[in-house]
file final.cif (mmCIF, C-alpha atoms)
data_final
#
loop_
_atom_site.label_atom_id
_atom_site.label_comp_id
_atom_site.auth_asym_id
_atom_site.auth_seq_id
_atom_site.Cartn_x
_atom_site.Cartn_y
_atom_site.Cartn_z
CA MET I 1215 -4.80 -26.84 23.12
CA THR I 1216 -5.63 -25.77 19.61
CA PRO I 1217 -2.73 -24.06 17.82
CA THR I 1218 -3.42 -20.50 16.66
CA ARG I 1219 -4.38 -20.50 12.99
CA GLY I 1220 -4.51 -16.79 12.43
CA TYR I 1221 -4.94 -16.81 8.66
CA THR I 1222 -7.33 -19.73 8.30
CA ALA I 1223 -10.51 -18.67 6.51
CA THR I 1224 -13.59 -20.46 5.24
CA LYS I 1225 -14.68 -20.12 1.63
CA ASP I 1226 -17.52 -17.84 2.79
CA GLN I 1227 -15.09 -15.62 4.66
CA LEU I 1228 -12.84 -15.36 1.60
CA LEU I 1229 -15.83 -14.49 -0.61
CA GLY I 1230 -16.98 -11.89 1.91
CA ARG I 1231 -13.52 -10.30 1.92
CA LEU I 1232 -13.38 -10.27 -1.88
CA ALA I 1233 -16.81 -8.60 -2.05
CA ARG I 1234 -15.52 -5.91 0.31
CA ILE I 1235 -12.34 -5.47 -1.78
CA GLU I 1236 -14.49 -5.04 -4.91
CA GLY I 1237 -16.34 -2.29 -3.03
CA GLN I 1238 -13.01 -0.71 -2.03
CA ILE I 1239 -11.84 -0.67 -5.67
CA ARG I 1240 -15.13 0.94 -6.75
CA GLY I 1241 -14.63 3.51 -3.97
CA ILE I 1242 -11.11 4.27 -5.24
CA ASP I 1243 -12.53 4.63 -8.77
CA GLY I 1244 -15.04 7.16 -7.46
CA MET I 1245 -12.32 9.10 -5.62
CA VAL I 1246 -10.20 9.36 -8.79
CA ARG I 1247 -13.30 10.39 -10.79
CA ASP I 1248 -14.07 13.14 -8.22
CA ASP I 1249 -10.43 14.38 -8.19
CA ARG I 1250 -10.11 13.66 -4.50
CA TYR I 1251 -6.78 14.44 -2.83
CA CYS I 1252 -4.25 11.85 -4.01
CA ILE I 1253 -2.84 11.10 -0.56
CA ASP I 1254 -6.35 10.13 0.60
CA ILE I 1255 -6.73 7.84 -2.44
CA LEU I 1256 -3.34 6.25 -1.64
CA THR I 1257 -4.56 5.47 1.87
CA GLN I 1258 -7.53 3.57 0.38
CA ILE I 1259 -5.24 1.71 -2.04
CA GLY I 1260 -3.09 0.67 0.92
CA ALA I 1261 -6.21 -0.67 2.67
CA ALA I 1262 -7.23 -2.66 -0.43
CA GLN I 1263 -3.69 -4.08 -0.73
CA ALA I 1264 -3.73 -5.14 2.92
CA ALA I 1265 -7.13 -6.81 2.40
CA LEU I 1266 -5.81 -8.65 -0.69
CA ASP I 1267 -2.76 -9.76 1.32
CA LYS I 1268 -5.12 -11.26 3.89
CA VAL I 1269 -7.01 -13.19 1.20
CA ALA I 1270 -3.66 -14.42 -0.17
CA LEU I 1271 -2.54 -15.55 3.30
CA GLY I 1272 -5.87 -17.35 3.79
CA LEU I 1273 -5.39 -19.24 0.52
CA LEU I 1274 -1.76 -20.06 1.34
CA ASP I 1275 -2.81 -21.33 4.76
CA ASP I 1276 -5.36 -23.57 3.10
CA HIS I 1277 -2.76 -24.85 0.63
CA ALA I 1278 -0.33 -25.54 3.49
CA HIS I 1279 -2.92 -27.40 5.57
CA HIS I 1280 -4.60 -29.37 2.79
CA CYS I 1281 -2.41 -29.69 -0.28
CA VAL I 1282 0.99 -29.91 1.47
CA VAL I 1283 0.11 -31.71 4.68
CA GLY I 1284 -2.55 -33.85 2.99
CA ALA I 1285 -0.36 -35.02 0.10
CA ASP I 1286 -0.43 -38.79 -0.43
CA THR I 1287 3.24 -39.34 -1.21
CA ALA I 1288 6.52 -37.72 -0.20
CA GLU I 1289 7.05 -36.65 -3.80
CA GLU I 1290 3.66 -34.98 -4.05
CA ARG I 1291 4.34 -33.25 -0.73
CA ASP I 1292 7.66 -31.97 -2.03
CA ALA I 1293 6.03 -30.71 -5.22
CA LYS I 1294 3.22 -28.95 -3.30
CA THR I 1295 5.75 -27.37 -0.93
CA ALA I 1296 7.81 -26.10 -3.87
CA GLU I 1297 4.67 -24.60 -5.45
CA MET I 1298 3.81 -22.92 -2.16
CA MET I 1299 7.29 -21.44 -1.80
CA ALA I 1300 7.19 -20.12 -5.37
CA ALA I 1301 3.83 -18.49 -4.60
CA VAL I 1302 5.24 -16.91 -1.40
CA GLY I 1303 8.22 -15.59 -3.39
CA ARG I 1304 5.90 -14.02 -5.99
CA LEU I 1305 3.69 -12.44 -3.29
CA MET I 1306 6.69 -10.92 -1.49
CA ARG I 1307 7.63 -9.30 -4.78
CA ARG I 1308 3.99 -8.63 -5.74
CA GLY I 1309 3.08 -10.41 -8.90
CA MET P 1326 15.14 15.91 -24.14
CA THR P 1327 12.03 14.96 -22.18
CA PRO P 1328 12.85 13.17 -18.93
CA THR P 1329 11.40 9.67 -18.61
CA ARG P 1330 8.22 9.79 -16.55
CA GLY P 1331 7.53 6.10 -16.32
CA TYR P 1332 4.66 6.24 -13.82
CA THR P 1333 2.85 9.32 -15.10
CA ALA P 1334 -0.77 8.54 -15.96
CA THR P 1335 -3.77 10.55 -17.03
CA LYS P 1336 -7.04 10.39 -15.11
CA ASP P 1337 -8.50 8.26 -17.92
CA GLN P 1338 -5.59 5.84 -17.75
CA LEU P 1339 -6.00 5.51 -13.96
CA LEU P 1340 -9.76 4.90 -14.36
CA GLY P 1341 -9.09 2.31 -17.08
CA ARG P 1342 -6.65 0.49 -14.80
CA LEU P 1343 -9.09 0.56 -11.89
CA ALA P 1344 -11.84 -0.88 -14.11
CA ARG P 1345 -9.48 -3.71 -15.08
CA ILE P 1346 -8.57 -4.31 -11.41
CA GLU P 1347 -12.29 -4.51 -10.54
CA GLY P 1348 -12.57 -7.18 -13.25
CA GLN P 1349 -9.56 -9.01 -11.79
CA ILE P 1350 -11.14 -9.03 -8.31
CA ARG P 1351 -14.41 -10.39 -9.76
CA GLY P 1352 -12.34 -13.06 -11.55
CA ILE P 1353 -10.65 -14.02 -8.27
CA ASP P 1354 -14.08 -14.18 -6.61
CA GLY P 1355 -15.23 -16.59 -9.34
CA MET P 1356 -12.13 -18.75 -8.92
CA VAL P 1357 -12.71 -19.05 -5.14
CA ARG P 1358 -16.41 -19.82 -5.78
CA ASP P 1359 -15.45 -22.59 -8.27
CA ASP P 1360 -12.84 -24.07 -5.86
CA ARG P 1361 -10.07 -23.48 -8.35
CA TYR P 1362 -6.53 -24.53 -7.39
CA CYS P 1363 -5.29 -22.08 -4.75
CA ILE P 1364 -1.89 -21.53 -6.35
CA ASP P 1365 -3.63 -20.35 -9.53
CA ILE P 1366 -5.79 -17.97 -7.48
CA LEU P 1367 -2.65 -16.63 -5.75
CA THR P 1368 -1.14 -15.85 -9.16
CA GLN P 1369 -4.19 -13.72 -9.99
CA ILE P 1370 -4.00 -11.96 -6.61
CA GLY P 1371 -0.35 -11.14 -7.35
CA ALA P 1372 -1.40 -9.64 -10.70
CA ALA P 1373 -4.10 -7.50 -9.04
CA GLN P 1374 -1.57 -6.33 -6.40
CA ALA P 1375 0.92 -5.35 -9.12
CA ALA P 1376 -1.84 -3.46 -10.96
CA LEU P 1377 -2.81 -1.62 -7.75
CA ASP P 1378 0.86 -0.77 -7.14
CA LYS P 1379 0.95 0.80 -10.60
CA VAL P 1380 -2.13 2.94 -9.82
CA ALA P 1381 -0.49 3.98 -6.52
CA LEU P 1382 2.74 4.94 -8.29
CA GLY P 1383 0.75 6.94 -10.85
CA LEU P 1384 -0.97 8.88 -8.06
CA LEU P 1385 2.32 9.42 -6.19
CA ASP P 1386 3.93 10.68 -9.39
CA ASP P 1387 1.08 13.13 -9.82
CA HIS P 1388 1.43 14.28 -6.21
CA ALA P 1389 5.19 14.74 -6.68
CA HIS P 1390 4.80 16.73 -9.90
CA HIS P 1391 1.83 18.88 -8.92
CA CYS P 1392 1.42 19.12 -5.16
CA VAL P 1393 5.12 19.05 -4.18
CA VAL P 1394 6.75 20.83 -7.09
CA GLY P 1395 3.81 23.19 -7.57
CA ALA P 1396 3.55 24.27 -3.93
CA ASP P 1397 3.43 28.03 -3.49
CA THR P 1398 5.66 28.36 -0.43
CA ALA P 1399 8.65 26.48 0.97
CA GLU P 1400 6.54 25.47 3.97
CA GLU P 1401 3.75 24.05 1.84
CA ARG P 1402 6.36 22.18 -0.22
CA ASP P 1403 7.85 20.69 2.94
CA ALA P 1404 4.41 19.65 4.18
CA LYS P 1405 3.50 18.04 0.82
CA THR P 1406 6.83 16.23 0.72
CA ALA P 1407 6.29 14.89 4.24
CA GLU P 1408 2.81 13.67 3.27
CA MET P 1409 4.26 11.96 0.21
CA MET P 1410 6.97 10.22 2.24
CA ALA P 1411 4.40 9.02 4.79
CA ALA P 1412 2.33 7.60 1.91
CA VAL P 1413 5.39 5.83 0.46
CA GLY P 1414 6.16 4.37 3.88
CA ARG P 1415 2.61 3.05 4.23
CA LEU P 1416 2.67 1.56 0.71
CA MET P 1417 5.98 -0.23 1.36
CA ARG P 1418 4.36 -1.78 4.41
CA ARG P 1419 0.99 -2.09 2.68
CA GLY P 1420 -1.67 -0.15 4.45
CA MET H 821 4.15 25.11 12.93
CA THR H 822 6.81 22.80 11.62
CA PRO H 823 5.43 20.04 9.39
CA THR H 824 6.05 16.49 10.59
CA ARG H 825 9.06 15.04 8.80
CA GLY H 826 8.88 11.52 10.12
CA TYR H 827 11.56 9.97 7.91
CA THR H 828 14.09 12.81 7.92
CA ALA H 829 17.47 11.61 9.20
CA THR H 830 20.91 13.15 9.52
CA LYS H 831 23.95 11.45 7.98
CA ASP H 832 25.03 10.38 11.48
CA GLN H 833 21.62 8.83 12.15
CA LEU H 834 21.77 6.91 8.84
CA LEU H 835 25.30 5.67 9.63
CA GLY H 836 24.18 4.64 13.12
CA ARG H 837 21.27 2.66 11.65
CA LEU H 838 23.52 0.98 9.09
CA ALA H 839 25.98 -0.02 11.83
CA ARG H 840 23.08 -1.60 13.74
CA ILE H 841 21.88 -3.39 10.58
CA GLU H 842 25.41 -4.77 10.06
CA GLY H 843 25.20 -6.11 13.62
CA GLN H 844 21.78 -7.62 12.88
CA ILE H 845 23.15 -9.41 9.79
CA ARG H 846 26.07 -10.77 11.83
CA GLY H 847 23.55 -11.94 14.44
CA ILE H 848 21.51 -13.73 11.74
CA ASP H 849 24.73 -15.34 10.46
CA GLY H 850 25.44 -16.62 13.99
CA MET H 851 21.90 -17.97 14.31
CA VAL H 852 22.21 -19.91 11.02
CA ARG H 853 25.65 -21.19 12.08
CA ASP H 854 24.21 -22.40 15.43
CA ASP H 855 21.21 -24.09 13.72
CA ARG H 856 18.76 -21.92 15.61
CA TYR H 857 15.04 -22.42 14.98
CA CYS H 858 14.27 -21.04 11.52
CA ILE H 859 11.17 -19.10 12.58
CA ASP H 860 13.30 -17.18 15.10
CA ILE H 861 15.84 -16.41 12.37
CA LEU H 862 13.00 -15.19 10.09
CA THR H 863 11.89 -12.77 12.82
CA GLN H 864 15.40 -11.27 12.88
CA ILE H 865 15.44 -11.03 9.06
CA GLY H 866 12.12 -9.17 9.23
CA ALA H 867 13.64 -6.73 11.74
CA ALA H 868 16.68 -6.13 9.49
CA GLN H 869 14.37 -5.57 6.48
CA ALA H 870 12.31 -3.04 8.44
CA ALA H 871 15.51 -1.24 9.50
CA LEU H 872 16.72 -1.14 5.86
CA ASP H 873 13.30 0.21 4.80
CA LYS H 874 13.76 3.02 7.30
CA VAL H 875 17.20 3.89 5.88
CA ALA H 876 15.69 3.86 2.38
CA LEU H 877 12.85 6.16 3.45
CA GLY H 878 15.38 8.51 5.09
CA LEU H 879 17.36 8.71 1.83
CA LEU H 880 14.19 9.20 -0.24
CA ASP H 881 13.09 11.97 2.09
CA ASP H 882 16.45 13.66 1.65
CA HIS H 883 16.19 13.31 -2.14
CA ALA H 884 12.66 14.77 -2.08
CA HIS H 885 13.65 17.73 0.09
CA HIS H 886 16.99 18.58 -1.51
CA CYS H 887 17.27 17.19 -5.03
CA VAL H 888 13.62 17.58 -6.10
CA VAL H 889 12.58 20.70 -4.22
CA GLY H 890 16.01 22.32 -4.57
CA ALA H 891 16.33 21.76 -8.34
CA ASP H 892 17.29 24.90 -10.25
CA THR H 893 15.07 24.44 -13.29
CA ALA H 894 11.66 22.90 -13.98
CA GLU H 895 13.35 20.33 -16.22
CA GLU H 896 15.83 19.29 -13.54
CA ARG H 897 12.96 19.06 -11.06
CA ASP H 898 11.01 16.82 -13.42
CA ALA H 899 14.05 14.59 -13.96
CA LYS H 900 14.72 14.32 -10.20
CA THR H 901 11.06 13.52 -9.54
CA ALA H 902 11.10 10.80 -12.20
CA GLU H 903 14.26 9.29 -10.64
CA MET H 904 12.59 9.35 -7.24
CA MET H 905 9.45 7.63 -8.53
CA ALA H 906 11.54 4.94 -10.24
CA ALA H 907 13.36 4.36 -6.94
CA VAL H 908 10.04 4.10 -5.05
CA GLY H 909 8.79 1.59 -7.64
CA ARG H 910 11.93 -0.54 -7.22
CA LEU H 911 11.69 -0.43 -3.41
CA MET H 912 8.01 -1.49 -3.44
CA ARG H 913 9.09 -4.50 -5.48
CA ARG H 914 12.35 -4.92 -3.55
CA GLY H 915 15.31 -4.53 -5.86
CA MET X 473 11.21 -36.41 -11.98
CA THR X 474 12.52 -34.21 -9.19
CA PRO X 475 10.22 -31.30 -8.38
CA THR X 476 11.75 -27.85 -8.76
CA ARG X 477 12.86 -26.58 -5.36
CA GLY X 478 13.87 -23.09 -6.36
CA TYR X 479 14.48 -21.68 -2.89
CA THR X 480 16.14 -24.68 -1.27
CA ALA X 481 19.58 -23.77 0.10
CA THR X 482 22.21 -25.55 2.13
CA LYS X 483 23.54 -24.05 5.36
CA ASP X 484 26.77 -23.14 3.53
CA GLN X 485 24.83 -21.37 0.79
CA LEU X 486 22.84 -19.38 3.38
CA LEU X 487 26.06 -18.41 5.20
CA GLY X 488 27.65 -17.40 1.89
CA ARG X 489 24.65 -15.19 1.08
CA LEU X 490 24.71 -13.60 4.53
CA ALA X 491 28.43 -12.85 4.17
CA ARG X 492 27.69 -11.12 0.85
CA ILE X 493 24.80 -9.16 2.44
CA GLU X 494 27.14 -8.01 5.22
CA GLY X 495 29.48 -6.77 2.48
CA GLN X 496 26.55 -4.99 0.78
CA ILE X 497 25.61 -3.22 4.03
CA ARG X 498 29.23 -2.12 4.53
CA GLY X 499 29.20 -0.85 0.93
CA ILE X 500 26.02 1.14 1.61
CA ASP X 501 27.64 2.55 4.77
CA GLY X 502 30.62 3.68 2.67
CA MET X 503 28.32 5.29 0.08
CA VAL X 504 26.48 7.28 2.78
CA ARG X 505 29.82 8.29 4.35
CA ASP X 506 31.10 9.51 0.93
CA ASP X 507 27.86 11.44 0.23
CA ARG X 508 27.16 9.40 -2.88
CA TYR X 509 24.02 10.18 -4.90
CA CYS X 510 21.04 8.95 -2.90
CA ILE X 511 19.32 7.22 -5.83
CA ASP X 512 22.45 5.08 -6.31
CA ILE X 513 22.44 4.20 -2.61
CA LEU X 514 18.73 3.24 -2.85
CA THR X 515 19.57 0.85 -5.70
CA GLN X 516 22.09 -0.89 -3.43
CA ILE X 517 19.55 -1.05 -0.57
CA GLY X 518 17.08 -2.69 -2.97
CA ALA X 519 19.73 -5.28 -3.88
CA ALA X 520 20.42 -6.03 -0.19
CA GLN X 521 16.64 -6.34 0.48
CA ALA X 522 16.27 -8.77 -2.43
CA ALA X 523 19.22 -10.81 -1.11
CA LEU X 524 17.67 -10.91 2.40
CA ASP X 525 14.34 -11.98 0.86
CA LYS X 526 16.16 -14.89 -0.78
CA VAL X 527 17.69 -15.96 2.57
CA ALA X 528 14.23 -15.72 4.15
CA LEU X 529 12.70 -17.86 1.39
CA GLY X 530 15.50 -20.42 1.81
CA LEU X 531 14.76 -20.67 5.55
CA LEU X 532 10.99 -20.88 4.94
CA ASP X 533 11.55 -23.62 2.39
CA ASP X 534 13.62 -25.53 4.94
CA HIS X 535 10.90 -25.05 7.57
CA ALA X 536 8.25 -26.27 5.13
CA HIS X 537 10.23 -29.36 4.11
CA HIS X 538 11.53 -30.36 7.51
CA CYS X 539 9.49 -28.91 10.34
CA VAL X 540 6.06 -29.01 8.66
CA VAL X 541 6.33 -32.11 6.50
CA GLY X 542 8.51 -33.94 9.05
CA ALA X 543 6.23 -33.31 12.03
CA ASP X 544 5.44 -36.46 14.02
CA THR X 545 1.78 -35.77 14.77
CA ALA X 546 -1.08 -33.97 13.03
CA GLU X 547 -1.15 -31.46 15.87
CA GLU X 548 2.54 -30.66 15.59
CA ARG X 549 2.11 -30.31 11.83
CA ASP X 550 -0.74 -27.87 12.33
CA ALA X 551 1.29 -25.85 14.83
CA LYS X 552 4.33 -25.72 12.51
CA THR X 553 2.13 -24.69 9.59
CA ALA X 554 0.58 -21.90 11.66
CA GLU X 555 4.05 -20.68 12.66
CA MET X 556 5.11 -20.71 9.02
CA MET X 557 2.05 -18.73 7.92
CA ALA X 558 2.63 -16.15 10.67
CA ALA X 559 6.25 -15.79 9.47
CA VAL X 560 5.07 -15.34 5.85
CA GLY X 561 2.60 -12.68 7.01
CA ARG X 562 5.33 -10.80 8.87
CA LEU X 563 7.71 -10.97 5.89
CA MET X 564 5.05 -9.66 3.48
CA ARG X 565 4.64 -6.71 5.82
CA ARG X 566 8.35 -6.61 6.66
CA GLY X 567 9.05 -7.10 10.31
#
call {"tool": "encode", "arguments": {"input": "final.cif", "output": "structure tokens"}}
result
Amino acid sequence: MTPTRGYTATKDQLLGRLARIEGQIRGIDGMVRDDRYCIDILTQIGAAQAALDKVALGLLDDHAHHCVVGADTAEERDAKTAEMMAAVGRLMRRG
Amino acid sequence: MTPTRGYTATKDQLLGRLARIEGQIRGIDGMVRDDRYCIDILTQIGAAQAALDKVALGLLDDHAHHCVVGADTAEERDAKTAEMMAAVGRLMRRG
Amino acid sequence: MTPTRGYTATKDQLLGRLARIEGQIRGIDGMVRDDRYCIDILTQIGAAQAALDKVALGLLDDHAHHCVVGADTAEERDAKTAEMMAAVGRLMRRG
Amino acid sequence: MTPTRGYTATKDQLLGRLARIEGQIRGIDGMVRDDRYCIDILTQIGAAQAALDKVALGLLDDHAHHCVVGADTAEERDAKTAEMMAAVGRLMRRG
């Protein structure tokens, strides 16, 4: 049985998501330019944030599977784990 | 004494921020393409998220000052306030 | 037609939620004490965070409806709106 | 050189933090009961959320160092990593 790896993404998938997010940001730019109703713009910002979260989780998943698990020594593994935790802490607090 | 309006932004300021965020997303795309270290990419994603939060807060502030406070009737004010709260709830949970 | 006021809560409802959150925190304390599986503890922490978010949204909703909308002067309204936006900004970034 | 392990916490430290969070929740309960100014109550909720985040990061750090890194087989390691990522995803979206 293969364990569920819900956030795992290939490089192509990540690039595809980023291209879509770029489109979302351009769409938000157009909505602001056209004085669209602010609540509708906020909904689009929320969607872009959720899409960025998913890219972040994909990268974290990759770090966990390759950098942490694949570390050569216990010390390197500890260092990679600490870096990952710091990144999680920053993401929870958003930048 | 003018009250502090920390999140207030003009349309031009919002458009300037969105242009910068578009640049940040393109930068993240380039980092993924170049197989840059994932923790460094995550730092840039956090920065883009924080910048999007700031645009969202600017739009919310505008909604609060114009749509809520400027509503013509008590009912419209209540409806605009409810819409604002729903938007805040979605942003706290990210889309 | 009454507008939807999804986050509106009475004082009794807020106190009831806080009593439940206190119980959740005590439950998490017991789980840590009993060395329960950390992922299960994290699920309970997530539930307590979501419950606290709901209390925060209830208080914000009250502020928006009473302090902002009910302000006597335009200046007071502006000041109350600025306070509300600062509180939303802090909540999005979590304290 | 010991790597920085910023979120690492002993069981006693986690229990100490949870006891303080319980006190914070009781304080918030008292503020609601006494009809204190809602913006001040929101500040305390933000502080309790930040403290809960820190407990969550401490538990995640423990999971990463012990369950993930200490897994006996590659499959178990993959499963533990997937569980960790799912927990991070839930925390970023709060419960």
call {"tool": "interface_residues", "arguments": {"input": "final.cif", "of": "chain X", "to": "chain I", "cutoff": "12 Å", "atoms": "only C-alpha atoms", "output": "JSON, numbers by chain"}}
result
{"X": [473, 474, 475, 476, 477, 478, 479, 480, 518, 521, 522, 524, 525, 526, 527, 528, 529, 530, 531, 532, 533, 534, 535, 536, 537, 538, 539, 540, 541, 542, 543, 544, 545, 546, 547, 548, 549, 550, 551, 552, 553, 554, 555, 556, 557, 558, 559, 560, 561, 562, 563, 564, 565, 566]}
call {"tool": "residues_near_point", "arguments": {"input": "final.cif", "point": "(-13.5, -3.3, -8.6)", "cutoff": "12 Å", "atoms": "only C-alpha atoms", "output": "ChimeraX atom specification"}}
result
/I:1232-1244,1259,1262 /P:1340-1354,1373,1376-1377
call {"tool": "atom_distance", "arguments": {"input": "final.cif", "atom1": "CA of Asp1365 in chain P", "atom2": "CA of Cys858 in chain H"}}
result
27.6 Å
call {"tool": "atom_distance", "arguments": {"input": "final.cif", "atom1": "CA of Ala519 in chain X", "atom2": "CA of Asp507 in chain X"}}
result
19.0 Å
call {"tool": "atom_distance", "arguments": {"input": "final.cif", "atom1": "CA of Val504 in chain X", "atom2": "CA of Ala829 in chain H"}}
result
11.9 Å
call {"tool": "axis_aligned_box", "arguments": {"input": "final.cif", "around": "range 861-873 of chain H", "padding_each_side": "4 Å", "output": "JSON"}}
result
{"center_x": 14.3, "center_y": -8.1, "center_z": 8.8, "size_x": 12.8, "size_y": 24.6, "size_z": 16.1}
call {"tool": "build_atoms", "arguments": {"input": "final.cif", "residues": "range 1279-1287 of chain I", "atoms": "all heavy atoms", "output": "PDB file, in the coordinates of the input"}}
result
ATOM      1  N   HIS I1279      -2.237 -26.395   4.745  1.00  0.00           N
ATOM      2  CA  HIS I1279      -2.920 -27.400   5.570  1.00  0.00           C
ATOM      3  C   HIS I1279      -3.481 -28.555   4.743  1.00  0.00           C
ATOM      4  O   HIS I1279      -3.510 -29.684   5.214  1.00  0.00           O
ATOM      5  CB  HIS I1279      -4.045 -26.759   6.401  1.00  0.00           C
ATOM      6  CG  HIS I1279      -3.527 -26.093   7.632  1.00  0.00           C
ATOM      7  ND1 HIS I1279      -3.233 -24.750   7.678  1.00  0.00           N
ATOM      8  CD2 HIS I1279      -3.195 -26.584   8.860  1.00  0.00           C
ATOM      9  CE1 HIS I1279      -2.774 -24.445   8.889  1.00  0.00           C
ATOM     10  NE2 HIS I1279      -2.746 -25.528   9.614  1.00  0.00           N
ATOM     11  N   HIS I1280      -3.960 -28.287   3.543  1.00  0.00           N
ATOM     12  CA  HIS I1280      -4.600 -29.370   2.790  1.00  0.00           C
ATOM     13  C   HIS I1280      -3.713 -29.974   1.724  1.00  0.00           C
ATOM     14  O   HIS I1280      -3.481 -31.173   1.721  1.00  0.00           O
ATOM     15  CB  HIS I1280      -5.941 -28.895   2.233  1.00  0.00           C
ATOM     16  CG  HIS I1280      -6.875 -28.536   3.344  1.00  0.00           C
ATOM     17  ND1 HIS I1280      -7.288 -27.253   3.594  1.00  0.00           N
ATOM     18  CD2 HIS I1280      -7.415 -29.306   4.333  1.00  0.00           C
ATOM     19  CE1 HIS I1280      -8.052 -27.245   4.680  1.00  0.00           C
ATOM     20  NE2 HIS I1280      -8.149 -28.480   5.138  1.00  0.00           N
ATOM     21  N   CYS I1281      -3.178 -29.128   0.831  1.00  0.00           N
ATOM     22  CA  CYS I1281      -2.410 -29.690  -0.280  1.00  0.00           C
ATOM     23  C   CYS I1281      -1.073 -30.233   0.196  1.00  0.00           C
ATOM     24  O   CYS I1281      -0.660 -31.326  -0.171  1.00  0.00           O
ATOM     25  CB  CYS I1281      -2.191 -28.653  -1.369  1.00  0.00           C
ATOM     26  SG  CYS I1281      -3.735 -27.935  -1.944  1.00  0.00           S
ATOM     27  N   VAL I1282      -0.338 -29.457   1.044  1.00  0.00           N
ATOM     28  CA  VAL I1282       0.990 -29.910   1.470  1.00  0.00           C
ATOM     29  C   VAL I1282       0.856 -31.038   2.481  1.00  0.00           C
ATOM     30  O   VAL I1282       1.327 -32.152   2.262  1.00  0.00           O
ATOM     31  CB  VAL I1282       1.820 -28.749   2.067  1.00  0.00           C
ATOM     32  CG1 VAL I1282       3.137 -29.271   2.635  1.00  0.00           C
ATOM     33  CG2 VAL I1282       2.064 -27.678   1.012  1.00  0.00           C
ATOM     34  N   VAL I1283       0.196 -30.735   3.605  1.00  0.00           N
ATOM     35  CA  VAL I1283       0.110 -31.710   4.680  1.00  0.00           C
ATOM     36  C   VAL I1283      -0.693 -32.943   4.245  1.00  0.00           C
ATOM     37  O   VAL I1283      -0.372 -34.072   4.622  1.00  0.00           O
ATOM     38  CB  VAL I1283      -0.499 -31.052   5.944  1.00  0.00           C
ATOM     39  CG1 VAL I1283      -0.854 -32.074   6.994  1.00  0.00           C
ATOM     40  CG2 VAL I1283       0.480 -30.012   6.514  1.00  0.00           C
ATOM     41  N   GLY I1284      -1.699 -32.740   3.400  1.00  0.00           N
ATOM     42  CA  GLY I1284      -2.550 -33.850   2.990  1.00  0.00           C
ATOM     43  C   GLY I1284      -2.059 -34.628   1.775  1.00  0.00           C
ATOM     44  O   GLY I1284      -2.775 -35.501   1.272  1.00  0.00           O
ATOM     45  N   ALA I1285      -0.854 -34.313   1.291  1.00  0.00           N
ATOM     46  CA  ALA I1285      -0.360 -35.020   0.100  1.00  0.00           C
ATOM     47  C   ALA I1285      -0.194 -36.511   0.387  1.00  0.00           C
ATOM     48  O   ALA I1285       0.140 -36.900   1.509  1.00  0.00           O
ATOM     49  CB  ALA I1285       0.972 -34.419  -0.345  1.00  0.00           C
ATOM     50  N   ASP I1286      -0.446 -37.345  -0.640  1.00  0.00           N
ATOM     51  CA  ASP I1286      -0.430 -38.790  -0.430  1.00  0.00           C
ATOM     52  C   ASP I1286       0.975 -39.384  -0.393  1.00  0.00           C
ATOM     53  O   ASP I1286       1.226 -40.353   0.309  1.00  0.00           O
ATOM     54  CB  ASP I1286      -1.232 -39.476  -1.548  1.00  0.00           C
ATOM     55  CG  ASP I1286      -2.716 -39.204  -1.383  1.00  0.00           C
ATOM     56  OD1 ASP I1286      -3.156 -39.118  -0.226  1.00  0.00           O
ATOM     57  OD2 ASP I1286      -3.413 -39.062  -2.400  1.00  0.00           O
ATOM     58  N   THR I1287       1.878 -38.798  -1.173  1.00  0.00           N
ATOM     59  CA  THR I1287       3.240 -39.340  -1.210  1.00  0.00           C
ATOM     60  C   THR I1287       4.243 -38.249  -0.869  1.00  0.00           C
ATOM     61  O   THR I1287       3.935 -37.053  -0.931  1.00  0.00           O
ATOM     62  CB  THR I1287       3.564 -39.846  -2.633  1.00  0.00           C
ATOM     63  OG1 THR I1287       3.536 -38.705  -3.518  1.00  0.00           O
ATOM     64  CG2 THR I1287       2.555 -40.871  -3.115  1.00  0.00           C
TER      65      THR I1287
END
